[in-house]
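Below you'll find the structure, written out as structure tokens, and then a few comments.
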Amino acid sequence: MRRTLGALVLAALALSQAAARAQQPPPVDGVVRLLLRLEQLMQAGDPEAYMDLLSAVADRRFARDASRVLISPGITRAVIRERDRAPLEGTLPGDGYRLMIEVLAERGSRARIETWRLDIRRVPTETSEDEWRVAGQQSLTSVDGLHRLALNPSKVYRARGLVVRSEDLEIRLPAGHVFVADTAEGPTAAVLLAGDGSTMSFRPAPEAEREQVRIYAGSEAIETRVEDVFLRFSPSEFASRFSSGSLTEAAPDPVLFRRADAVFREHVAQSFSLDLADLSRETWSLPPAPGDLLAEIRTRRFQTLTYSKSASDAEDISLFDRRRRRNISVYPSAARLAAGVGRFDEDARAPFDVSHYALDVSFDPARLWLDGRALLHLRIRADAINNLTLRLAENLTVRSIYSNEFGRLLSLRVRGQNNVIVNLNGYATRGTQITLDVAYSGRLEPVEPDREALAPQFPQDRPEITESLSFPGETSLLYSTRTFWYPQGASSDYATAVMHLTVPEAYQVAASGELAPGSPVVVPGPERQPSARRYTFEARQPVRYLACLISRLVRVSARTVSLVEALAGLASAGAGVLPAEPLPGGSFNGELELVVEANPRQLARGRQAEAVAADVMSYYASIVGDSPYPDLTLALIEKELPGGHSPAYLAVLYQPLPTAATNWSSDPAAFISFPEYFIAHELAHQWWGQAVGWRTYHDQWISEGFAQYFSALYAKKRRGNALFGEMIRRMAKWAREQGKAGPVSLGYRLGHIQGDTRIFRAIVYNKSAVVLHMLHRLIGDDAFFRGIRRLYFGARFSKVGTDDVRAAFEKESGQDLKRFFGSWIGGSGTPVVDFSWARVADGAAPEVALRIEQRGKDSEFPVTVTLQYAGGATEAAQVVVRERVAEFRLPLKGTLKDVTLNRDGLTPLEIVGR
Ligand SMILES: [Zn+2]
């Protein structure tokens, strides 16, 4: 419990659905009177008096032990809230209950929260009033070490030459004042009022992070004036963080205190704090773990910068701009890197794994309301845990959670986060299988999915246009990843699913699964209520997340596409794209059920899309040798902007209305001369992004880069080499122009500081695709396509990182690709070279000597050299630059006039000199 809450550093937490429950106070009955008496006993600090509350059947020895835990001396305030009441086994109806209670026990400025199970029985009385006694009790969970922090007005230190350090951070106060908030173990919070000349510096060690700081602040380190600082640290570390010579106690000063207290109040609830709702309205804080530090630094130039060092995060150092809500830096500390856990692996850390979901959700699209039940089959991966964290949209209220193994469970809601902490009433050990039945409901607005979604935010500089215009098209609700519309594991891991989705009869649903036979069925509504349409979708192949689209959809077509023929055709044509022997793991049965649905006005486009989709799917299946999902629904919906989203089994294409004011052509993901681009890109995600997932945000390029490159390969197949070249050239141009914004491996953070999603698409989509094309040129057709199949079949229905991609292509090509991936995926920018050539005639035949010298960082790349002869003939050759200075000789077939480097523009390269 403690560990989980402590990990949520930058969030204010709220315990429990108490807010919702508080609206329905329990009736004042005998049970409530019993709980009030228990509160009084706790405050009186008399465990012996608990024995008076026992019923005759209670085990008095157990009760005495429990009472000493519950009613220890020193409690200044006790609050008990009943959370659940169920009939007690072995009693007549109304004569016994099993209660779940939450208890807050305050001891001055300290507190502890506990959950208890209390079995109670009615005892006969002479009066008409109920009287209840305790028949059994058990402590379930507890959160200890809560502090109600306050700045101490009577203690102030004068600072002289104070320096507060954490990794890559230094705060320097030549002069100033320091106030602290005490706990019994020592101060855990401090406010620094900075005197003249106070400064901070933040200088991240990793190169990619220094580049991001440069984008943010204009230089590789942030050096700026500081006005005040709020600090949180472990109480055991006050002495070590504030060197003894730098602080001397001074006389209390009410004016200074008021200033410091304002800073304290602004920040104390923002981190390490719980909001206990109906247990307590006050702010209760947890102490940071030793080594952790949180600093809210008010600067002149950047307003408040939040520095955090938090051991519970894999990337344990971060710097955050609070006002603009931007992550400036997020990276692993030197110690983390040395320990080899530098890369965040959410699955390796996941304490449990969900293997199957059964959802039953009813939607009311007009009110954006949903009412759901979710059955989660999960297996524990941690050694032993007594709580689970599920993700579920903050807006959705959990009505109940039941488990076959643990019975009725209490859940805690985390405010500001889409998390639900489920207490297990005991420990579950590794390998244990648990079924959770979660009932939930609420109003939920879908969030634009950012995974496998091609959704430009533009016009970039005129957001008011998209916001103010009312959309004249058909509305759609797309509940997918990031919306957390069903309870799910903390990381998107693979699971199978069955979904029963119900909508008003006027609507249709498309979802990530195959439509069950006989579905949908129309369910008559209750008296005078409109009928509903109930769909059943089954995802029998594992999927990373579940999605559903609710809109007015008409069926355009449904047919079985045979992919076998395409495969056989390519094989006999000797296209060099099929493995000589099938790789293990293939399950492809050669048939795809393709359904196309569209908003009514998009019917004609739907018919066009159908043929393209069938062709695209056959082509990709022939490249990879598999089609991971046996069904695909292609849904065309009206939207302000072009784009799409592609969960497993489903691809949604956004059809902009003719009236849309767009300047799409200036987007990195616009390929005007290739109208099939969107379909080709989105459908590729069935293989890349869905069947093969990406491990961390650093690896998102594996989804987008492969989807983008596959769409270019399809352009080549359908419309020829010229269009393919044009696409790669355009991608290379974007890569060159935006490459300095950061490495491909920076993922979503590309363009995040600048607030420009085009930078993300220029690098994560386009640069990645160009990198794949260079790889293709480097290792040749055969090794490249074998590498794709090795990667795919090795990773199907699991997630991969950049190293897995490299390993697959190294294996098939026999080449060491470490430097290639290191510089192109892990490094920013694109190569700058100095190119020169000279005719030489020192050998038997005339030759041309080429010299390519890399400026800046060394990279490895193939590049085309074009020889132009007198008379107009040209000859193209490919060379591979592997060293800082690469020299080549090519034989001449005539009188050489000129030599050009990278004339085809397929390598993102800048040529200087000459
Ligand atoms: Zn995509």
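Naming scheme: A, B, ... for chains in displayed order of the structure tokens; residues 1 onward per chain; ligands 1 onward as shown.
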Neighbours of ligand 1 at 12 Å or closer, counting only C-alpha atoms and all ligand atoms: which residues, as an NGL selection string? :A and (449-456 or 643-647 or 651-653 or 669 or 677-690 or 700-711 or 760-761 or 764-766 or 768-769)
Which of range 200-386 of chain A DSSP labels strand (DSSP E or B), written as a VMD selection string: chain A and resid 200 to 202 222 to 233 247 to 250 273 to 275 283 to 285 293 to 299 303 to 309 317 to 321 326 to 331 352 to 364 369 to 380 384 to 386
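Residue nearest Leu256 in chain A within the list A:Ala194, A:Ala876, A:Met774, A:Val800: A:Ala194 [criterion: smallest interatomic distance, only C-alpha atoms].
Distances here use only C-alpha atoms; by that measure, the residue among A:Gln738, A:Ser666, A:Ser828, A:Gln541 closest to Phe797 in chain A is A:Gln541.
When only C-alpha atoms are used to measure the gap to Gly197 in chain A, the shortest distance among A:Glu853, A:Asp46, A:Glu227, A:Glu129 belongs to A:Glu227.
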CA of Met100 in chain A and CA of Thr115 in chain A, how far apart in Å? 7.0 Å
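With CA of Leu444 in chain A on one side and CA of Ala495 in chain A on the other, the separation reads 23.5 Å.
Taking CA of Ala547 in chain A as the reference point, CA of Arg533 in chain A is found at 17.6 Å.
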What lies within 12 Å of Asp615 in chain A using only C-alpha atoms, ignoring chain neighbours under 2 positions off, as an MDAnalysis selection string? chainID A and resid 561:563 565:567 592 594 608:613 617:622 676 679:680 683 714:715 717:718
Just write the chosen residues, N, CA, C and O atoms, as an mmCIF file, in the first residue's frame.
data_model
loop_
_atom_site.group_PDB
_atom_site.id
_atom_site.type_symbol
_atom_site.label_atom_id
_atom_site.label_comp_id
_atom_site.auth_asym_id
_atom_site.auth_seq_id
_atom_site.Cartn_x
_atom_site.Cartn_y
_atom_site.Cartn_z
ATOM 1 N N VAL A 561 -11.491 -12.290 -47.945
ATOM 2 C CA VAL A 561 -10.376 -12.032 -48.851
ATOM 3 C C VAL A 561 -9.395 -13.179 -48.690
ATOM 4 O O VAL A 561 -8.947 -13.461 -47.575
ATOM 5 N N SER A 562 -9.098 -13.842 -49.804
ATOM 6 C CA SER A 562 -8.104 -14.905 -49.724
ATOM 7 C C SER A 562 -6.727 -14.300 -49.904
ATOM 8 O O SER A 562 -6.438 -13.652 -50.899
ATOM 9 N N LEU A 563 -5.891 -14.489 -48.909
ATOM 10 C CA LEU A 563 -4.539 -13.962 -48.991
ATOM 11 C C LEU A 563 -3.567 -15.017 -49.509
ATOM 12 O O LEU A 563 -2.418 -14.741 -49.790
ATOM 13 N N GLU A 565 -3.543 -16.675 -52.323
ATOM 14 C CA GLU A 565 -3.153 -16.485 -53.712
ATOM 15 C C GLU A 565 -2.031 -15.463 -53.843
ATOM 16 O O GLU A 565 -1.063 -15.659 -54.568
ATOM 17 N N ALA A 566 -2.187 -14.360 -53.121
ATOM 18 C CA ALA A 566 -1.185 -13.311 -53.172
ATOM 19 C C ALA A 566 0.161 -13.856 -52.723
ATOM 20 O O ALA A 566 1.191 -13.596 -53.338
ATOM 21 N N LEU A 567 0.118 -14.651 -51.681
ATOM 22 C CA LEU A 567 1.348 -15.249 -51.169
ATOM 23 C C LEU A 567 1.993 -16.149 -52.206
ATOM 24 O O LEU A 567 3.173 -16.024 -52.510
ATOM 25 N N LEU A 592 -9.080 -13.661 -44.704
ATOM 26 C CA LEU A 592 -9.372 -12.480 -43.906
ATOM 27 C C LEU A 592 -10.819 -12.088 -44.140
ATOM 28 O O LEU A 592 -11.260 -11.990 -45.285
ATOM 29 N N LEU A 594 -13.142 -9.273 -44.262
ATOM 30 C CA LEU A 594 -13.019 -7.817 -44.363
ATOM 31 C C LEU A 594 -14.403 -7.175 -44.414
ATOM 32 O O LEU A 594 -15.200 -7.467 -45.296
ATOM 33 N N GLN A 608 -14.796 2.557 -52.514
ATOM 34 C CA GLN A 608 -13.434 2.675 -53.058
ATOM 35 C C GLN A 608 -12.416 2.078 -52.082
ATOM 36 O O GLN A 608 -11.484 1.390 -52.493
ATOM 37 N N ALA A 609 -12.623 2.361 -50.813
ATOM 38 C CA ALA A 609 -11.652 1.931 -49.804
ATOM 39 C C ALA A 609 -11.595 0.412 -49.698
ATOM 40 O O ALA A 609 -10.543 -0.158 -49.397
ATOM 41 N N GLU A 610 -12.721 -0.230 -49.968
ATOM 42 C CA GLU A 610 -12.815 -1.676 -49.784
ATOM 43 C C GLU A 610 -11.783 -2.410 -50.654
ATOM 44 O O GLU A 610 -11.058 -3.270 -50.176
ATOM 45 N N ALA A 611 -11.723 -2.039 -51.935
ATOM 46 C CA ALA A 611 -10.795 -2.714 -52.841
ATOM 47 C C ALA A 611 -9.348 -2.435 -52.440
ATOM 48 O O ALA A 611 -8.487 -3.324 -52.471
ATOM 49 N N VAL A 612 -9.094 -1.192 -52.039
ATOM 50 C CA VAL A 612 -7.732 -0.837 -51.625
ATOM 51 C C VAL A 612 -7.340 -1.637 -50.387
ATOM 52 O O VAL A 612 -6.254 -2.210 -50.321
ATOM 53 N N ALA A 613 -8.261 -1.704 -49.424
ATOM 54 C CA ALA A 613 -7.963 -2.405 -48.174
ATOM 55 C C ALA A 613 -7.625 -3.870 -48.439
ATOM 56 O O ALA A 613 -6.672 -4.415 -47.872
ATOM 57 N N MET A 617 -3.993 -5.446 -47.527
ATOM 58 C CA MET A 617 -3.852 -6.561 -46.585
ATOM 59 C C MET A 617 -3.144 -7.742 -47.239
ATOM 60 O O MET A 617 -2.297 -8.394 -46.626
ATOM 61 N N SER A 618 -3.501 -8.036 -48.515
ATOM 62 C CA SER A 618 -2.838 -9.144 -49.214
ATOM 63 C C SER A 618 -1.353 -8.859 -49.362
ATOM 64 O O SER A 618 -0.514 -9.732 -49.160
ATOM 65 N N TYR A 619 -1.053 -7.620 -49.710
ATOM 66 C CA TYR A 619 0.350 -7.276 -49.942
ATOM 67 C C TYR A 619 1.176 -7.407 -48.652
ATOM 68 O O TYR A 619 2.235 -8.019 -48.646
ATOM 69 N N TYR A 620 0.664 -6.855 -47.561
ATOM 70 C CA TYR A 620 1.416 -6.938 -46.303
ATOM 71 C C TYR A 620 1.545 -8.390 -45.834
ATOM 72 O O TYR A 620 2.597 -8.793 -45.326
ATOM 73 N N ALA A 621 0.466 -9.159 -46.006
ATOM 74 C CA ALA A 621 0.537 -10.574 -45.616
ATOM 75 C C ALA A 621 1.632 -11.280 -46.405
ATOM 76 O O ALA A 621 2.345 -12.131 -45.878
ATOM 77 N N SER A 622 1.780 -10.879 -47.677
ATOM 78 C CA SER A 622 2.802 -11.527 -48.505
ATOM 79 C C SER A 622 4.208 -11.131 -48.068
ATOM 80 O O SER A 622 5.142 -11.902 -48.184
ATOM 81 N N GLU A 676 -3.952 6.559 -51.383
ATOM 82 C CA GLU A 676 -4.172 5.381 -50.539
ATOM 83 C C GLU A 676 -3.341 5.421 -49.268
ATOM 84 O O GLU A 676 -3.338 4.473 -48.477
ATOM 85 N N ILE A 679 -5.018 4.633 -45.695
ATOM 86 C CA ILE A 679 -5.403 3.229 -45.529
ATOM 87 C C ILE A 679 -4.146 2.382 -45.360
ATOM 88 O O ILE A 679 -4.058 1.521 -44.471
ATOM 89 N N ALA A 680 -3.157 2.641 -46.221
ATOM 90 C CA ALA A 680 -1.944 1.828 -46.192
ATOM 91 C C ALA A 680 -1.226 1.956 -44.853
ATOM 92 O O ALA A 680 -0.731 0.974 -44.291
ATOM 93 N N LEU A 683 -3.567 0.307 -41.915
ATOM 94 C CA LEU A 683 -3.667 -1.158 -41.934
ATOM 95 C C LEU A 683 -2.355 -1.823 -41.529
ATOM 96 O O LEU A 683 -2.352 -2.919 -40.965
ATOM 97 N N TYR A 714 3.942 -0.155 -50.226
ATOM 98 C CA TYR A 714 2.690 -0.367 -50.947
ATOM 99 C C TYR A 714 2.536 0.652 -52.081
ATOM 100 O O TYR A 714 2.059 0.317 -53.175
ATOM 101 N N ALA A 715 2.982 1.877 -51.841
ATOM 102 C CA ALA A 715 2.936 2.894 -52.906
ATOM 103 C C ALA A 715 3.744 2.426 -54.113
ATOM 104 O O ALA A 715 3.339 2.591 -55.263
ATOM 105 N N LYS A 717 4.409 -0.688 -54.944
ATOM 106 C CA LYS A 717 3.731 -1.805 -55.579
ATOM 107 C C LYS A 717 2.570 -1.298 -56.434
ATOM 108 O O LYS A 717 2.355 -1.742 -57.548
ATOM 109 N N ARG A 718 1.797 -0.348 -55.909
ATOM 110 C CA ARG A 718 0.582 0.064 -56.588
ATOM 111 C C ARG A 718 0.833 1.114 -57.659
ATOM 112 O O ARG A 718 0.206 1.107 -58.711
#
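Residues in contact range of Val213 in chain A, defined as at most 9 Å between only C-alpha atoms, with sequence neighbours fewer than 4 positions away removed, read A:Phe202, A:Arg203, A:Pro204, A:Ala208, A:Glu209, A:Ala217, A:Gly218, A:Ser219, A:Glu220, A:Ala221, A:Ile222, A:Ile328, A:Ser329.
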Exercise: Ser280 in chain A partners within 10 Å, only C-alpha atoms, chain neighbours under 6 positions left out, as a PyMOL selection string: chain A and resi 79+104+274
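The smallest atom-to-atom distance between Glu474 in chain A and any of A:Gly90, A:Pro658, A:Pro600, A:Gly136, using only C-alpha atoms, is found for A:Pro600.
Distances to Ser362 in chain A were evaluated for A:His752, A:Arg322, A:Arg786, A:Arg534 using only C-alpha atoms, and the minimum falls at A:Arg534.
If only C-alpha atoms are the atoms counted, then among A:Ser198, A:Thr907, A:Thr127, A:Asn418 the closest residue to Met731 in chain A is A:Thr907.
Every protein or nucleic acid residue with an atom no more than 8 Å from Asp182 in chain A, counting only C-alpha atoms and leaving out same-chain residues fewer than 6 positions away, appears here: Leu149, Ala150, Leu151, Asn152, Thr188 and Ala189 of chain A.
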Which residues come within 7 Å of range 864-869 of chain A, counting only C-alpha atoms, excluding same-chain residues fewer than 3 positions away, as a ChimeraX atom specification? /A:872-879,894-903
